[in-house]
Structures are given as structure tokens and as C-alpha cells.
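Text of target25.pdb (PDB, C-alpha atoms) as supplied:
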MODEL        1
ATOM      1  CA  MET I  10     -10.493   1.374  19.288
ATOM      2  CA  ALA I  11     -13.576  -0.840  18.899
ATOM      3  CA  SER I  12     -16.685   1.274  18.418
ATOM      4  CA  LYS I  13     -19.307  -1.265  17.313
ATOM      5  CA  LYS I  14     -20.133  -4.699  18.609
ATOM      6  CA  ASN I  15     -19.755  -7.726  16.345
ATOM      7  CA  ARG I  16     -18.236  -5.629  13.573
ATOM      8  CA  THR I  17     -16.986  -6.867  10.216
ATOM      9  CA  PHE I  18     -13.973  -5.789   8.164
ATOM     10  CA  ASP I  19     -13.633  -5.349   4.428
ATOM     11  CA  TYR I  20     -10.213  -6.033   2.913
ATOM     12  CA  LYS I  21     -10.789  -3.178   0.423
ATOM     13  CA  ASP I  22     -11.202  -0.591   3.185
ATOM     14  CA  ILE I  23      -7.486  -0.001   3.698
ATOM     15  CA  GLU I  24      -7.788   3.115   5.854
ATOM     16  CA  ASP I  25      -9.977   1.244   8.343
ATOM     17  CA  LEU I  26      -7.538  -1.685   8.480
ATOM     18  CA  GLN I  27      -4.487   0.523   8.971
ATOM     19  CA  VAL I  28      -5.947   1.813  12.240
ATOM     20  CA  TYR I  29      -5.351  -1.667  13.658
ATOM     21  CA  MET I  30      -1.808  -1.958  12.338
ATOM     22  CA  THR I  31       1.578  -0.623  13.353
ATOM     23  CA  ALA I  32       3.628   1.603  11.048
ATOM     24  CA  GLN I  33       5.759  -1.475  10.395
ATOM     25  CA  GLY I  34       2.705  -3.380   9.113
ATOM     26  CA  LYS I  35       2.084  -5.682  12.060
ATOM     27  CA  ILE I  36      -1.401  -6.336  13.463
ATOM     28  CA  HIS I  37      -2.039  -4.929  16.932
ATOM     29  CA  PRO I  38      -2.945  -7.542  19.564
ATOM     30  CA  ALA I  39      -6.562  -7.925  20.741
ATOM     31  CA  LYS I  40      -5.541  -6.402  24.067
ATOM     32  CA  ARG I  41      -4.801  -3.152  22.238
ATOM     33  CA  THR I  42      -7.525  -3.220  19.561
ATOM     34  CA  GLY I  43     -10.205  -4.009  22.136
ATOM     35  CA  LEU I  44     -11.908  -6.418  19.718
ATOM     36  CA  SER I  45     -13.473  -9.712  20.685
ATOM     37  CA  GLY I  46     -11.864 -12.967  19.604
ATOM     38  CA  ARG I  47     -14.212 -13.368  16.654
ATOM     39  CA  GLU I  48     -13.714  -9.745  15.527
ATOM     40  CA  GLN I  49      -9.942 -10.047  15.863
ATOM     41  CA  ARG I  50     -10.004 -13.123  13.619
ATOM     42  CA  ARG I  51     -12.124 -11.222  11.057
ATOM     43  CA  LEU I  52      -9.622  -8.362  11.170
ATOM     44  CA  LYS I  53      -6.699 -10.752  10.719
ATOM     45  CA  ARG I  54      -8.377 -12.359   7.686
ATOM     46  CA  ALA I  55      -9.187  -8.976   6.085
ATOM     47  CA  ILE I  56      -5.595  -7.750   6.553
ATOM     48  CA  LYS I  57      -4.202 -10.932   5.037
ATOM     49  CA  TYR I  58      -6.497 -10.634   2.008
ATOM     50  CA  ALA I  59      -5.467  -6.987   1.574
ATOM     51  CA  ARG I  60      -1.792  -7.987   1.725
ATOM     52  CA  LEU I  61      -2.361 -10.685  -0.894
ATOM     53  CA  MET I  62      -3.952  -8.148  -3.214
ATOM     54  CA  SER I  63      -0.997  -5.789  -2.653
ATOM     55  CA  LEU I  64      -3.199  -3.120  -1.077
ATOM     56  CA  ILE I  65      -1.089  -3.006   2.081
ATOM     57  CA  PRO I  66       2.515  -4.143   2.502
ATOM     58  CA  TYR I  67       3.606  -7.247   4.410
ATOM     59  CA  VAL I  68       6.369  -5.201   6.039
ATOM     60  CA  SER I  69       7.481  -1.624   5.594
TER
ATOM     61  CA  MET B  20     -23.427 -35.396  -8.038
ATOM     62  CA  THR B  21     -25.133 -32.029  -7.660
ATOM     63  CA  GLU B  22     -22.939 -28.954  -7.713
ATOM     64  CA  HIS B  23     -23.678 -26.439  -4.982
ATOM     65  CA  LYS B  24     -23.797 -22.882  -6.224
ATOM     66  CA  HIS B  25     -22.319 -20.094  -4.168
ATOM     67  CA  ILE B  26     -21.870 -16.371  -4.481
ATOM     68  CA  TYR B  27     -18.295 -15.201  -4.848
ATOM     69  CA  GLN B  28     -16.601 -11.844  -4.701
ATOM     70  CA  ALA B  29     -13.658 -11.771  -7.089
ATOM     71  CA  MET B  30     -10.802  -9.318  -7.403
ATOM     72  CA  PHE B  31      -8.467  -9.341 -10.394
ATOM     73  CA  LEU B  32      -5.176  -7.488 -10.769
ATOM     74  CA  LEU B  33      -4.712  -6.539 -14.407
ATOM     75  CA  ASP B  34      -1.379  -5.829 -16.022
ATOM     76  CA  ASN B  35      -1.259  -2.141 -17.000
ATOM     77  CA  GLU B  36       0.518  -3.013 -20.247
ATOM     78  CA  GLU B  37      -2.541  -5.023 -21.282
ATOM     79  CA  VAL B  38      -4.965  -2.358 -20.030
ATOM     80  CA  ARG B  39      -3.196   0.304 -22.126
ATOM     81  CA  LYS B  40      -4.102  -1.718 -25.219
ATOM     82  CA  GLY B  41      -7.754  -1.511 -24.171
ATOM     83  CA  PHE B  42      -9.506  -1.865 -20.831
ATOM     84  CA  ASN B  43     -12.698  -3.257 -22.365
ATOM     85  CA  ALA B  44     -10.784  -5.957 -24.229
ATOM     86  CA  ALA B  45      -9.100  -7.101 -20.996
ATOM     87  CA  LYS B  46     -12.399  -7.047 -19.102
ATOM     88  CA  ASP B  47     -14.222  -8.938 -21.857
ATOM     89  CA  TRP B  48     -11.527 -11.612 -21.882
ATOM     90  CA  ILE B  49     -12.038 -12.189 -18.156
ATOM     91  CA  GLN B  50     -15.813 -12.174 -18.506
ATOM     92  CA  THR B  51     -15.791 -14.749 -21.312
ATOM     93  CA  THR B  52     -13.349 -16.945 -19.348
ATOM     94  CA  LEU B  53     -15.614 -16.848 -16.300
ATOM     95  CA  GLU B  54     -18.715 -17.644 -18.342
ATOM     96  CA  LYS B  55     -16.945 -20.389 -20.273
ATOM     97  CA  HIS B  56     -16.410 -22.297 -17.024
ATOM     98  CA  GLY B  57     -20.029 -21.933 -15.932
ATOM     99  CA  LEU B  58     -19.816 -18.905 -13.651
ATOM    100  CA  GLU B  59     -22.612 -16.380 -13.872
ATOM    101  CA  VAL B  60     -21.197 -12.856 -13.837
ATOM    102  CA  LYS B  61     -23.486 -10.510 -11.894
ATOM    103  CA  VAL B  62     -21.152  -7.543 -11.510
ATOM    104  CA  LEU B  63     -17.836  -6.730 -13.175
ATOM    105  CA  ARG B  64     -16.479  -3.245 -12.725
ATOM    106  CA  LEU B  65     -13.318  -1.185 -12.488
ATOM    107  CA  TRP B  66     -12.300  -0.778  -8.843
ATOM    108  CA  GLY B  67      -9.353   1.491  -9.544
ATOM    109  CA  GLU B  68      -5.872   1.958 -10.894
ATOM    110  CA  ARG B  69      -3.345   2.294  -8.116
ATOM    111  CA  GLN B  70       0.198   1.749  -6.955
ATOM    112  CA  LEU B  71       0.961  -1.688  -5.553
ATOM    113  CA  ALA B  72       2.123  -1.957  -1.953
ATOM    114  CA  TYR B  73       4.996  -4.158  -3.141
ATOM    115  CA  THR B  74       6.319  -4.979  -6.600
ATOM    116  CA  ILE B  75       4.920  -8.060  -8.312
ATOM    117  CA  GLY B  76       7.155  -9.227 -11.150
ATOM    118  CA  LYS B  77       8.636  -5.726 -11.703
ATOM    119  CA  ARG B  78       5.126  -4.224 -11.794
ATOM    120  CA  LYS B  79       4.660  -1.217  -9.535
ATOM    121  CA  ARG B  80       1.116  -0.274 -10.553
ATOM    122  CA  ALA B  81      -1.935  -2.316 -11.534
ATOM    123  CA  THR B  82      -5.586  -1.983 -12.477
ATOM    124  CA  TYR B  83      -8.068  -3.608 -10.088
ATOM    125  CA  LEU B  84     -11.211  -5.275 -11.415
ATOM    126  CA  LEU B  85     -13.973  -6.248  -8.988
ATOM    127  CA  GLY B  86     -16.581  -8.870  -9.758
ATOM    128  CA  TRP B  87     -19.508 -10.655  -8.133
ATOM    129  CA  LEU B  88     -20.182 -14.113  -9.465
ATOM    130  CA  GLU B  89     -22.416 -17.112  -8.900
ATOM    131  CA  GLY B  90     -21.276 -20.660  -9.505
ATOM    132  CA  SER B  91     -19.668 -23.781  -8.098
ATOM    133  CA  GLY B  92     -16.315 -24.127  -6.391
ATOM    134  CA  ASP B  93     -15.016 -26.487  -9.076
ATOM    135  CA  SER B  94     -15.591 -23.905 -11.797
ATOM    136  CA  VAL B  95     -13.771 -21.301  -9.694
ATOM    137  CA  ASN B  96     -10.747 -23.597  -9.493
ATOM    138  CA  GLU B  97     -10.788 -24.128 -13.258
ATOM    139  CA  VAL B  98     -11.005 -20.375 -13.861
ATOM    140  CA  LYS B  99      -8.083 -19.722 -11.508
ATOM    141  CA  ARG B 100      -5.967 -22.276 -13.365
ATOM    142  CA  GLU B 101      -6.676 -20.607 -16.693
ATOM    143  CA  LEU B 102      -6.260 -17.040 -15.441
ATOM    144  CA  TYR B 103      -2.779 -17.668 -14.097
ATOM    145  CA  LEU B 104      -1.655 -19.204 -17.395
ATOM    146  CA  LEU B 105      -3.296 -16.862 -19.900
ATOM    147  CA  GLY B 106      -4.805 -13.419 -20.108
ATOM    148  CA  PRO B 107      -4.209  -9.972 -18.690
ATOM    149  CA  ALA B 108      -4.695 -10.835 -14.996
ATOM    150  CA  PHE B 109      -1.571 -11.676 -13.002
ATOM    151  CA  ARG B 110      -3.268 -12.166  -9.632
ATOM    152  CA  CYS B 111      -6.825 -12.993  -8.582
ATOM    153  CA  MET B 112      -8.768 -13.832  -5.449
ATOM    154  CA  PHE B 113     -12.198 -15.394  -4.981
ATOM    155  CA  LEU B 114     -14.049 -15.067  -1.667
ATOM    156  CA  GLN B 115     -17.291 -16.849  -0.864
ATOM    157  CA  GLU B 116     -19.960 -14.418   0.344
ATOM    158  CA  ASP B 117     -23.513 -14.723   1.631
ATOM    159  CA  ALA B 118     -25.139 -12.227  -0.747
ATOM    160  CA  ILE B 119     -24.348  -9.493  -3.230
ATOM    161  CA  PRO B 120     -24.735  -6.029  -1.678
ATOM    162  CA  GLU B 121     -27.376  -3.848  -3.320
ATOM    163  CA  GLU B 122     -24.934  -1.002  -3.901
ATOM    164  CA  GLU B 123     -22.774  -3.400  -5.954
ATOM    165  CA  LEU B 124     -25.688  -4.718  -8.004
ATOM    166  CA  VAL B 125     -26.276  -1.192  -9.306
ATOM    167  CA  PHE B 126     -23.002  -1.336 -11.267
ATOM    168  CA  GLY B 127     -23.778  -4.506 -13.238
ATOM    169  CA  ILE B 128     -21.314  -5.249 -16.024
ATOM    170  CA  GLU B 129     -19.748  -1.852 -16.442
ATOM    171  CA  LYS B 130     -18.899  -0.493 -19.870
ATOM    172  CA  MET B 131     -16.547   2.449 -20.103
ATOM    173  CA  ASP B 132     -14.488   4.257 -22.713
ATOM    174  CA  ASP B 133     -10.899   3.149 -22.996
ATOM    175  CA  SER B 134      -9.846   6.801 -23.101
ATOM    176  CA  ALA B 135     -11.548   7.438 -19.720
ATOM    177  CA  LEU B 136      -8.951   5.326 -17.906
ATOM    178  CA  VAL B 137      -5.644   7.180 -17.711
ATOM    179  CA  ILE B 138      -2.714   5.047 -16.629
ATOM    180  CA  PRO B 139       0.445   6.905 -15.612
ATOM    181  CA  GLU B 140       3.758   5.716 -17.038
ATOM    182  CA  GLU B 141       5.901   3.692 -14.646
ATOM    183  CA  VAL B 142       9.253   5.264 -13.852
ATOM    184  CA  ILE B 143      11.958   2.642 -14.382
ATOM    185  CA  GLU B 144      14.729   3.209 -11.880
ATOM    186  CA  PRO B 145      18.281   2.093 -12.777
ATOM    187  CA  ASP B 146      19.524  -1.038 -11.005
ATOM    188  CA  PHE B 147      23.109   0.147 -10.299
ATOM    189  CA  GLU B 148      24.035   1.518  -6.911
ATOM    190  CA  GLU B 149      26.307   4.499  -6.429
ATOM    191  CA  PRO B 150      29.683   3.627  -4.824
ATOM    192  CA  TYR B 151      29.877   4.520  -1.156
ATOM    193  CA  GLU B 152      32.179   7.401  -0.307
ATOM    194  CA  GLU B 153      33.108   8.197   3.233
ATOM    195  CA  PRO B 154      32.486  11.819   4.184
ATOM    196  CA  GLU B 155      35.650  13.956   4.365
ATOM    197  CA  GLU B 156      35.071  15.228   7.890
ATOM    198  CA  GLU B 157      34.952  11.732   9.304
ATOM    199  CA  GLN B 158      38.131  10.809   7.428
ATOM    200  CA  ALA B 159      39.942  13.832   8.885
ATOM    201  CA  ALA B 160      38.685  12.927  12.333
ATOM    202  CA  ASP B 161      39.904   9.364  11.848
ATOM    203  CA  ASP B 162      43.363  10.508  10.708
ATOM    204  CA  LYS B 163      44.143  12.467  13.845
ATOM    205  CA  PRO B 164      43.952   9.582  16.273
ATOM    206  CA  LYS B 165      46.068   7.468  13.898
ATOM    207  CA  GLU B 166      48.864  10.050  14.002
ATOM    208  CA  GLU B 167      48.547  10.246  17.729
ATOM    209  CA  LYS B 168      48.574   6.471  17.934
ATOM    210  CA  LYS B 169      51.723   6.377  15.787
ATOM    211  CA  ALA B 170      53.406   8.910  18.032
ATOM    212  CA  GLU B 171      52.306   6.947  21.089
ATOM    213  CA  GLY B 172      53.524   3.747  19.499
ATOM    214  CA  ALA B 173      56.921   5.298  18.758
ATOM    215  CA  ASP B 174      57.222   6.505  22.348
ATOM    216  CA  SER B 175      56.351   3.117  23.736
ATOM    217  CA  ASP B 176      58.956   1.471  21.446
ATOM    218  CA  LYS B 177      61.607   3.844  22.739
ATOM    219  CA  ASN B 178      60.639   3.098  26.334
ATOM    220  CA  GLU B 179      60.721  -0.638  25.664
ATOM    221  CA  ALA B 180      64.154  -0.321  24.049
ATOM    222  CA  SER B 181      65.528   1.651  27.000
ATOM    223  CA  ALA B 182      64.052  -0.884  29.437
ATOM    224  CA  GLU B 183      65.754  -3.728  27.575
ATOM    225  CA  LYS B 184      69.061  -1.881  27.712
ATOM    226  CA  THR B 185      68.795  -1.392  31.466
ATOM    227  CA  GLU B 186      67.952  -5.100  31.877
ATOM    228  CA  GLU B 187      71.033  -5.999  29.806
ATOM    229  CA  VAL B 188      73.202  -3.751  31.965
ATOM    230  CA  LYS B 189      71.796  -5.388  35.091
ATOM    231  CA  THR B 190      72.503  -8.919  33.794
ATOM    232  CA  ASP B 191      76.021  -7.909  32.758
ATOM    233  CA  GLY B 192      76.722  -6.481  36.212
TER
ENDMDL
END
Write-out of the structure in C-alpha cells:
Amino acid sequence: MASKKNRTFDYKDIEDLQVYMTAQGKIHPAKRTGLSGREQRRLKRAIKYARLMSLIPYVS
Amino acid sequence: MTEHKHIYQAMFLLDNEEVRKGFNAAKDWIQTTLEKHGLEVKVLRLWGERQLAYTIGKRKRATYLLGWLEGSGDSVNEVKRELYLLGPAFRCMFLQEDAIPEEELVFGIEKMDDSALVIPEEVIEPDFEEPYEEPEEEQAADDKPKEEKKAEGADSDKNEASAEKTEEVKTDG
């Protein structure tokens, strides 16, 4: 799934974030996303900010 | 003590009831609150009106306001405290950033006509739930085994009774 190296995530870009999430709303593990540790942490943070702003659900 | 200034990206969720009264009034209230606490507002623009992913205090839709600010962390905390008590915003988030993107700086402090923003009416669904009714087919299917069971039960009672009688006869003999 990872196309770029050292990529960043924006919490407002919901479509991009949903690629790394299950239909239930869980975050895929790094093993599946293919992101590095730092990128996975960035993704996690962006998803949590998006959830806080009610852009994506906590669970569905 | 010197206050370190940082750049912040801020997102505000505005109550649609307040936005219906006038988007510019709601935006101006937020801008004056930010400036009152010493934050310099670089960008403040409408990000969109959309459905919430989950209800927040019976609200299903909200208007999103995006801002880029410069100021100290203490003033951000003071603004947060005021925003949650007063005003049209019911949720806000401040994120510290390195710089303001050039494509955001183009917007500046956006002015728009109140009539340009169309907010759809929220459909209020009734709270009551319809009583559960079992489907007829399943009931009919359930009845058959019961009758069979009753018949089986009656047969077994008869057998038990006859067995008891034979036992009595044996004991008598």
C-alpha cells in the first residue's frame, strides 16, 4: 500500500486515510500497510485527529 | 518570561443553528475571540458543511471552519476555554505546524455571502421503536413440533402408566 517513502498524512484527507482502515474503522497493522514505524505513527495520529473532528467514525 | 510563538492549524465545528442565523457573524465571533487572546489570524475560511460521522449532542451535521494562526500556547489554551463555554463552536482542535502552506495563504480571511452557504434541514427521527412481531411462518413452524411433542408426551405418559400397572401386578403376585 505504501507508495512513497517518508510520507505524511493529513487528517482532512479522509479518502486517503480510509485506505488504511478496515470497514469496521480499525487501523490496519504496519505489516499490512507496509509503512515504516514513523509513517505508521503519523497515520495513527492523523486517523485519531479525524475521528475527533467527526470526519470518520470510531466504529461502524 | 518570553512567550514562544508558534504556528497553529485550527479546525472549528460550528453549530448549524448558529450558522443559519449568519455564517459571517459566527466566523467574526471566532476571529475576534482569537484576536482578543493575542492570536494572529492568518487564514480563516469555510472548509465545508457536511454530515458528522457520529452524532455530537443530537447534531448530525456541522459546518467546518479552518484557520491558520500564530501565537503562544497559553493563548491557545485560553481561547479553547472560552470557545467551549460561549459562541457557535461546539468542538475545536489546534495543531502545531511548522509553516503555513502557500495554497492556504491564498485564502486569507475569507468573506462570503450568507446566502451562498446552503445548509440542509436535519431530519429528526422519532425515538420510539416499533414493537417486535414474530413472522407468521416461523410461528406456524414452531406450533407443529409442539403438537407433536404433546402427542409424544401423551404416549409416554400412557406407557409409563402401563409400566407402573405391570410392576404393581408383579409385586402383588
* May I ask you to extract the residues of chain I within 8 Å of chain B, using all atoms listed in the file, and to give them as a list in words? =>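 Putting it all together, I get Met62, Ser63, Leu64, Ile65 and Pro66 of chain I.
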* Given the file shown, enumerate the residues that the PyMOL selection byres ((chain I and resi 27) around 12) captures and present them as an NGL selection string. => :I and (10 or 18-26 or 28-37 or 42 or 52-53 or 55-56 or 59-60 or 64-66)
* Check what the PyMOL selection byres ((chain B and resi 22) around 10) selects in the file above and give those residues as a PyMOL selection string. => chain B and resi 20-21+23-25+90-94
* If you measure from CA of Thr51 in chain B to CA of Val98 in chain B, what distance in Å do you get, rounded to one decimal? ->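 We find that CA of Thr51 in chain B and CA of Val98 in chain B lie 10.5 Å from each other.
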* Quick one: everything within 10 Å of Leu102 in chain B, counting only C-alpha atoms, minus sequence neighbours fewer than 5 positions away in the same chain. Send it as number ranges by chain. => B: 31, 48-49, 52-53, 96-97, 107-111
Output file for the residues above (C-alpha atoms, as a tab-separated table (two decimals), in the frame of the given file):
chain	number	residue	atom	x	y	z
B	31	PHE	CA	-8.47	-9.34	-10.39
B	48	TRP	CA	-11.53	-11.61	-21.88
B	49	ILE	CA	-12.04	-12.19	-18.16
B	52	THR	CA	-13.35	-16.94	-19.35
B	53	LEU	CA	-15.61	-16.85	-16.30
B	96	ASN	CA	-10.75	-23.60	-9.49
B	97	GLU	CA	-10.79	-24.13	-13.26
B	107	PRO	CA	-4.21	-9.97	-18.69
B	108	ALA	CA	-4.70	-10.84	-15.00
B	109	PHE	CA	-1.57	-11.68	-13.00
B	110	ARG	CA	-3.27	-12.17	-9.63
B	111	CYS	CA	-6.82	-12.99	-8.58
* To do: I need the residue set behind the PyMOL selection byres ((chain I and resi 44) around 10) for this file; please write it as number ranges by chain.
  => I: 10-16, 38-43, 45-52
